[in-house]
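Chemist: For reference, the structure I am asking about is given below.
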Amino acid sequence: MGLATGVGARLLQVVSGRLSVLGPGPAEEATLDPYRAQRRLQELKFDLSEALVRDCLEGRRCEIPAHALFPQILGVVERYLSEKVVVRPPADLRDVFLAPYYTWVVERLVEAIGPDVSQGEMPEMPRYETRRGAGSTAEVDFWTSREPREVVRSHVNFMVPDTKKWEQQAAYYLDKHPMVDAFVKNAGLGFAIPYLHNGQPHDYMPDFIARLKTEPSIQLILETKGFDPLAEVKAGAAQRWVNAVNADGTYGRWAYVMVRQVSEVNEVVTRAGGA
């Protein structure tokens, strides 16, 4: 039995022997059955599609009218739910429209939905920060307690790793690859890609940026990633960033790749250089 202290404190005991602020009473089972009984799946899909249409129009990311945009986005929603959402019993597909899952679905679809350039639609254009100019490796200057690795094909004299082995190995491959003109570890450079998670903005900082010996040159953003539950979210945000910057053309050509094994670095660099 527990004890309550303080002036005028009351001690209440329930069947299980635990203290309760409400006093004794019958236990009630809380389920999602009432919610599921009141909401139809098609209705929930329509509500989500309407929210995404409003986001596109209010953010001026879409130029087509709402009545033409809605059926396209509804198709995207239905495809996402059927291909990307895994329902494990006793869960129900309608549960994905509850927090926090609903927020995650909206964020992923907002990041993924874009104009269909192949059908003649205008590509999404970047919005540059007016208070900050373009970054440069000439501005990298900081102290570190980590053990750095000396590199050759970099404008920064050392590569400062955030891992025990992965980034050191990736830097070795970049430093030796014949297609790499120059590369830099994204440390102290200030290069970040924005993304949303749980309704909050975050910055994703990829591992490396490499300039490839192509004509014109390609700036390759390279990420070496082990397990990360947000890997897909970050990769989607990075690809959207690359598409927008390439559409603008002011800062040349860019590409993004995420590798799960360091041994893949040579292959992806070769493939990016031949694109």
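Going through the structure tokens in order, the chains are called A, B, and so on, while each chain numbers its residues from 1 and the ligands are numbered from 1 in the order shown.
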Excluding same-chain residues fewer than 2 positions from Glu147 of chain A, what lies within 10 Å of it counting only C-alpha atoms, as a ChimeraX atom specification?
Modeler: /A:144-145,149-150,158-162,164
Chemist: Considering only C-alpha atoms, return as a list in words whatever protein or nucleic-acid residues lie within 8 Å of segment 117-125 of chain A, sequence-local ones (same chain, fewer than 2 positions apart) excluded.
Modeler: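 Result of the neighbour search: Arg61, Gly114, Pro115, Arg127, Asn243, Ala244, Val245, Ala247 and Asp248 of chain A.
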Chemist: Can I get the selection written as a CSV table (one decimal), in the first residue's frame, with C-alpha atoms?
Modeler:
```csv
chain,number,residue,atom,x,y,z
A,61,ARG,CA,3.9,25.3,-55.5
A,114,GLY,CA,5.9,18.1,-57.1
A,115,PRO,CA,5.1,19.3,-60.6
A,127,ARG,CA,13.7,30.1,-52.4
A,243,ASN,CA,15.7,19.2,-58.4
A,244,ALA,CA,14.9,22.8,-57.5
A,245,VAL,CA,18.5,24.1,-57.6
A,247,ALA,CA,15.8,23.9,-62.3
A,248,ASP,CA,17.1,27.3,-61.4
```
Chemist: Considering only C-alpha atoms, can you say which of A:Gly188, A:Arg271, A:Tyr172, A:Leu41 comes closest to Asp141 of chain A?
Modeler: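 Counting only C-alpha atoms, the residue closest to Asp141 of chain A is A:Gly188.
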Chemist: Take atom CA of Asp92 of chain A and atom CA of Thr31 of chain A and report the distance between them in Å, one decimal.
Modeler: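 According to the coordinates, atom CA of Asp92 of chain A and atom CA of Thr31 of chain A are separated by 11.9 Å.
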Chemist: Which residues are near segment 201-206 of chain A? Cut-off 6 Å, only C-alpha atoms, ignore same chain within fewer than 5 positions. Put them as an MDAnalysis selection string.
Modeler: chainID A and resid 192:196 223
Chemist: Mind writing the picked residues with C-alpha atoms as a PDB file, in the first residue's frame?
Modeler:
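Output file result_31.pdb follows:
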```
ATOM      1  CA  ALA A 192      22.173  22.222 -44.648  1.00  0.00           C
ATOM      2  CA  ILE A 193      18.990  20.990 -46.338  1.00  0.00           C
ATOM      3  CA  PRO A 194      15.675  21.846 -44.604  1.00  0.00           C
ATOM      4  CA  TYR A 195      13.059  19.190 -43.891  1.00  0.00           C
ATOM      5  CA  LEU A 196       9.982  18.734 -41.705  1.00  0.00           C
ATOM      6  CA  GLU A 223      25.641  10.720 -47.617  1.00  0.00           C
TER       7      GLU A 223
END
```
Chemist: Using only C-alpha atoms, can you tell me which of A:Asp116, A:Glu167, A:Glu78, A:Asp95 comes closest to Ala37 of chain A?
Modeler: A:Asp95
Chemist: Can you pull out every residue within 12 Å of Pro216 of chain A, counting only C-alpha atoms, but drop anything in the same chain fewer than 6 positions away, and send it as a ChimeraX atom specification?
Modeler: /A:249,251-254,273-275
Chemist: Would you return as a VMD selection string the members of segment 8-137 of chain A that DSSP assigns to alpha helix (DSSP H) on this structure's backbone?
Modeler: chain A and resid 33 to 38 41 to 58 66 to 83 101 to 112
Chemist: Save the residues we just selected, N, CA and C atoms, as a compact mmCIF listing (two decimals), in the first residue's frame?
Modeler:
```txt
# COMPACT_ATOMS: atom_id res chain seq x y z
N ASP A 33 -12.56 1.64 -31.49
CA ASP A 33 -13.75 1.17 -32.21
C ASP A 33 -14.76 2.28 -32.49
N PRO A 34 -15.06 3.18 -31.53
CA PRO A 34 -16.01 4.27 -31.85
C PRO A 34 -15.53 5.16 -32.99
N TYR A 35 -14.23 5.49 -32.98
CA TYR A 35 -13.66 6.32 -34.06
C TYR A 35 -13.77 5.60 -35.40
N ARG A 36 -13.43 4.33 -35.42
CA ARG A 36 -13.47 3.57 -36.67
C ARG A 36 -14.89 3.43 -37.19
N ALA A 37 -15.85 3.33 -36.27
CA ALA A 37 -17.25 3.18 -36.68
C ALA A 37 -17.81 4.45 -37.29
N GLN A 38 -17.27 5.60 -36.88
CA GLN A 38 -17.81 6.89 -37.33
C GLN A 38 -17.15 7.41 -38.60
N LEU A 41 -13.15 5.19 -44.60
CA LEU A 41 -11.80 5.35 -45.13
C LEU A 41 -11.78 6.32 -46.31
N GLN A 42 -12.76 6.24 -47.19
CA GLN A 42 -12.78 7.13 -48.35
C GLN A 42 -12.94 8.59 -47.92
N GLU A 43 -13.72 8.81 -46.87
CA GLU A 43 -13.89 10.17 -46.34
C GLU A 43 -12.57 10.71 -45.81
N LEU A 44 -11.81 9.86 -45.12
CA LEU A 44 -10.52 10.28 -44.58
C LEU A 44 -9.53 10.57 -45.69
N LYS A 45 -9.56 9.78 -46.75
CA LYS A 45 -8.69 10.04 -47.90
C LYS A 45 -9.02 11.38 -48.54
N PHE A 46 -10.30 11.69 -48.66
CA PHE A 46 -10.71 12.97 -49.24
C PHE A 46 -10.24 14.13 -48.38
N ASP A 47 -10.37 14.00 -47.04
CA ASP A 47 -9.95 15.07 -46.14
C ASP A 47 -8.44 15.33 -46.28
N LEU A 48 -7.65 14.26 -46.33
CA LEU A 48 -6.21 14.40 -46.48
C LEU A 48 -5.86 15.04 -47.82
N SER A 49 -6.54 14.63 -48.87
CA SER A 49 -6.28 15.20 -50.20
C SER A 49 -6.62 16.68 -50.24
N GLU A 50 -7.70 17.08 -49.60
CA GLU A 50 -8.07 18.49 -49.54
C GLU A 50 -7.01 19.31 -48.81
N ALA A 51 -6.47 18.75 -47.72
CA ALA A 51 -5.41 19.45 -46.97
C ALA A 51 -4.17 19.63 -47.82
N LEU A 52 -3.82 18.62 -48.60
CA LEU A 52 -2.64 18.71 -49.46
C LEU A 52 -2.85 19.68 -50.61
N VAL A 53 -4.06 19.74 -51.14
CA VAL A 53 -4.38 20.71 -52.20
C VAL A 53 -4.23 22.12 -51.67
N ARG A 54 -4.76 22.37 -50.47
CA ARG A 54 -4.63 23.71 -49.87
C ARG A 54 -3.17 24.07 -49.67
N ASP A 55 -2.36 23.12 -49.22
CA ASP A 55 -0.94 23.40 -49.00
C ASP A 55 -0.26 23.77 -50.31
N CYS A 56 -0.58 23.05 -51.39
CA CYS A 56 0.04 23.35 -52.69
C CYS A 56 -0.34 24.73 -53.19
N LEU A 57 -1.63 25.07 -53.06
CA LEU A 57 -2.11 26.34 -53.59
C LEU A 57 -1.66 27.51 -52.73
N GLU A 58 -1.71 27.36 -51.41
CA GLU A 58 -1.30 28.46 -50.53
C GLU A 58 0.20 28.69 -50.59
N ALA A 66 -7.77 24.05 -58.34
CA ALA A 66 -8.02 23.02 -57.32
C ALA A 66 -8.81 21.85 -57.87
N HIS A 67 -9.81 22.11 -58.75
CA HIS A 67 -10.65 21.02 -59.23
C HIS A 67 -9.87 20.06 -60.13
N ALA A 68 -8.78 20.53 -60.73
CA ALA A 68 -7.94 19.65 -61.55
C ALA A 68 -6.85 19.00 -60.71
N LEU A 69 -6.43 19.68 -59.63
CA LEU A 69 -5.36 19.17 -58.78
C LEU A 69 -5.85 18.07 -57.84
N PHE A 70 -7.09 18.21 -57.36
CA PHE A 70 -7.60 17.27 -56.35
C PHE A 70 -7.55 15.82 -56.80
N PRO A 71 -8.08 15.45 -57.97
CA PRO A 71 -8.03 14.03 -58.35
C PRO A 71 -6.61 13.48 -58.49
N GLN A 72 -5.67 14.33 -58.90
CA GLN A 72 -4.28 13.88 -58.99
C GLN A 72 -3.71 13.56 -57.60
N ILE A 73 -3.97 14.46 -56.65
CA ILE A 73 -3.45 14.25 -55.30
C ILE A 73 -4.17 13.09 -54.62
N LEU A 74 -5.45 12.92 -54.88
CA LEU A 74 -6.18 11.78 -54.32
C LEU A 74 -5.55 10.47 -54.79
N GLY A 75 -5.15 10.43 -56.05
CA GLY A 75 -4.47 9.24 -56.57
C GLY A 75 -3.14 8.99 -55.86
N VAL A 76 -2.41 10.08 -55.55
CA VAL A 76 -1.15 9.96 -54.83
C VAL A 76 -1.40 9.43 -53.42
N VAL A 77 -2.44 9.96 -52.76
CA VAL A 77 -2.77 9.51 -51.40
C VAL A 77 -3.12 8.03 -51.39
N GLU A 78 -3.95 7.60 -52.32
CA GLU A 78 -4.35 6.20 -52.36
C GLU A 78 -3.16 5.29 -52.65
N ARG A 79 -2.28 5.73 -53.53
CA ARG A 79 -1.09 4.92 -53.83
C ARG A 79 -0.16 4.85 -52.62
N TYR A 80 0.01 5.96 -51.92
CA TYR A 80 0.87 5.98 -50.73
C TYR A 80 0.32 5.03 -49.67
N LEU A 81 -0.98 5.09 -49.42
CA LEU A 81 -1.57 4.25 -48.38
C LEU A 81 -1.46 2.77 -48.73
N SER A 82 -1.56 2.44 -50.00
CA SER A 82 -1.53 1.04 -50.40
C SER A 82 -0.10 0.49 -50.49
N GLU A 83 0.88 1.36 -50.81
CA GLU A 83 2.24 0.89 -51.04
C GLU A 83 3.22 1.18 -49.89
N TYR A 101 0.67 9.71 -36.54
CA TYR A 101 0.87 9.16 -37.88
C TYR A 101 0.40 10.13 -38.97
N TYR A 102 -0.72 10.81 -38.70
CA TYR A 102 -1.27 11.72 -39.71
C TYR A 102 -0.26 12.81 -40.06
N THR A 103 0.39 13.37 -39.03
CA THR A 103 1.39 14.41 -39.27
C THR A 103 2.53 13.89 -40.12
N TRP A 104 2.96 12.65 -39.84
CA TRP A 104 4.06 12.08 -40.62
C TRP A 104 3.66 11.88 -42.08
N VAL A 105 2.44 11.41 -42.30
CA VAL A 105 1.98 11.20 -43.68
C VAL A 105 1.94 12.52 -44.43
N VAL A 106 1.38 13.55 -43.81
CA VAL A 106 1.29 14.86 -44.46
C VAL A 106 2.68 15.37 -44.81
N GLU A 107 3.62 15.28 -43.87
CA GLU A 107 4.97 15.76 -44.11
C GLU A 107 5.63 15.03 -45.27
N ARG A 108 5.49 13.72 -45.30
CA ARG A 108 6.12 12.95 -46.38
C ARG A 108 5.52 13.27 -47.73
N LEU A 109 4.21 13.43 -47.79
CA LEU A 109 3.57 13.73 -49.06
C LEU A 109 3.85 15.16 -49.52
N VAL A 110 3.88 16.10 -48.59
CA VAL A 110 4.20 17.48 -48.95
C VAL A 110 5.61 17.55 -49.55
N GLU A 111 6.55 16.79 -48.96
CA GLU A 111 7.91 16.80 -49.47
C GLU A 111 8.01 16.11 -50.82
N ALA A 112 7.16 15.09 -51.04
CA ALA A 112 7.30 14.27 -52.24
C ALA A 112 6.52 14.80 -53.44
```
Chemist: To one decimal in Å, tell me the separation between atom CA of Ala182 of chain A and atom CA of Val257 of chain A.
Modeler: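 Going from atom CA of Ala182 of chain A over to atom CA of Val257 of chain A, I get 16.8 Å.
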Chemist: Just how far from atom CA of Asp181 of chain A is atom CA of Val233 of chain A, in Å to one decimal?
Modeler: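 Computed distance, atom CA of Val233 of chain A to atom CA of Asp181 of chain A, equals 29.4 Å.
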Chemist: May I have the residues within 10 Å of Val269 of chain A as a count of residues only, using only C-alpha atoms and disregarding those fewer than 2 positions away in the same chain?
Modeler: 19
Chemist: List every residue of segment 113-199 of chain A that has an atom at most 12 Å from any atom of segment 226-229 of chain A, and for each one report the closest atom pair and its distance in Å to one decimal, counting only C-alpha atoms, with rows sorted by chain and then by increasing residue number, as a Markdown table.
Modeler:
```
| residue | atom | partner | partner_atom | distance |
| --- | --- | --- | --- | --- |
| A:Thr163 | CA | A:Gly226 | CA | 10.7 |
| A:Lys165 | CA | A:Gly226 | CA | 11.9 |
| A:Trp166 | CA | A:Gly226 | CA | 9.1 |
| A:Glu167 | CA | A:Gly226 | CA | 11.2 |
| A:His197 | CA | A:Pro229 | CA | 11.4 |
```
Chemist: Could you please write out, as number ranges by chain, every residue of segment 120-245 of chain A that DSSP assigns to strand (DSSP E or B)?
Modeler: A: 149-150, 158-159, 180-185, 193-197, 200-204, 208-212, 218-224
Chemist: Quick one: residues within 10 Å of Ala134 of chain A, only C-alpha atoms, excluding same-chain residues fewer than 4 positions away - as a ChimeraX atom specification?
Modeler: /A:128-129,190-191,251
Chemist: Mind dumping the selected residues with N, CA and C atoms as a PDB file, in the first residue's frame?
Modeler:
```
ATOM      1  N   TYR A 128      15.820  31.203 -52.062  1.00  0.00           N
ATOM      2  CA  TYR A 128      17.109  31.425 -51.411  1.00  0.00           C
ATOM      3  C   TYR A 128      16.963  32.339 -50.200  1.00  0.00           C
ATOM      4  N   GLU A 129      17.792  32.092 -49.200  1.00  0.00           N
ATOM      5  CA  GLU A 129      17.814  32.943 -48.021  1.00  0.00           C
ATOM      6  C   GLU A 129      18.465  34.278 -48.367  1.00  0.00           C
ATOM      7  N   GLY A 190      28.493  24.950 -43.057  1.00  0.00           N
ATOM      8  CA  GLY A 190      27.186  25.590 -42.946  1.00  0.00           C
ATOM      9  C   GLY A 190      26.196  25.150 -44.002  1.00  0.00           C
ATOM     10  N   PHE A 191      26.476  24.042 -44.699  1.00  0.00           N
ATOM     11  CA  PHE A 191      25.569  23.562 -45.743  1.00  0.00           C
ATOM     12  C   PHE A 191      24.526  22.642 -45.116  1.00  0.00           C
ATOM     13  N   TYR A 251      23.422  27.910 -59.682  1.00  0.00           N
ATOM     14  CA  TYR A 251      24.577  27.315 -58.996  1.00  0.00           C
ATOM     15  C   TYR A 251      25.027  26.006 -59.654  1.00  0.00           C
TER      16      TYR A 251
END
```
Chemist: Which is closer to Thr250 of chain A than all the others in A:Val85, A:Pro126, A:Asn157, A:Asn198, using only C-alpha atoms?
Modeler: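 Using only C-alpha atoms, Thr250 of chain A sits closest to A:Pro126.
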Chemist: Here is a test: counting only C-alpha atoms, which residue of A:Thr270, A:Gly135, A:Pro89, A:Val184 is nearest to Arg153 of chain A?
Modeler: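 Checking each of A:Thr270, A:Gly135, A:Pro89, A:Val184 against Arg153 of chain A, counting only C-alpha atoms, the winner is A:Val184.
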Chemist: Pick out the closest residue to Asp207 of chain A from this set: A:Ala255, A:Ala171, A:Val242, A:Val151. Count only C-alpha atoms.
Modeler: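 Ranking A:Ala255, A:Ala171, A:Val242, A:Val151 by distance to Asp207 of chain A, first place goes to A:Ala171.
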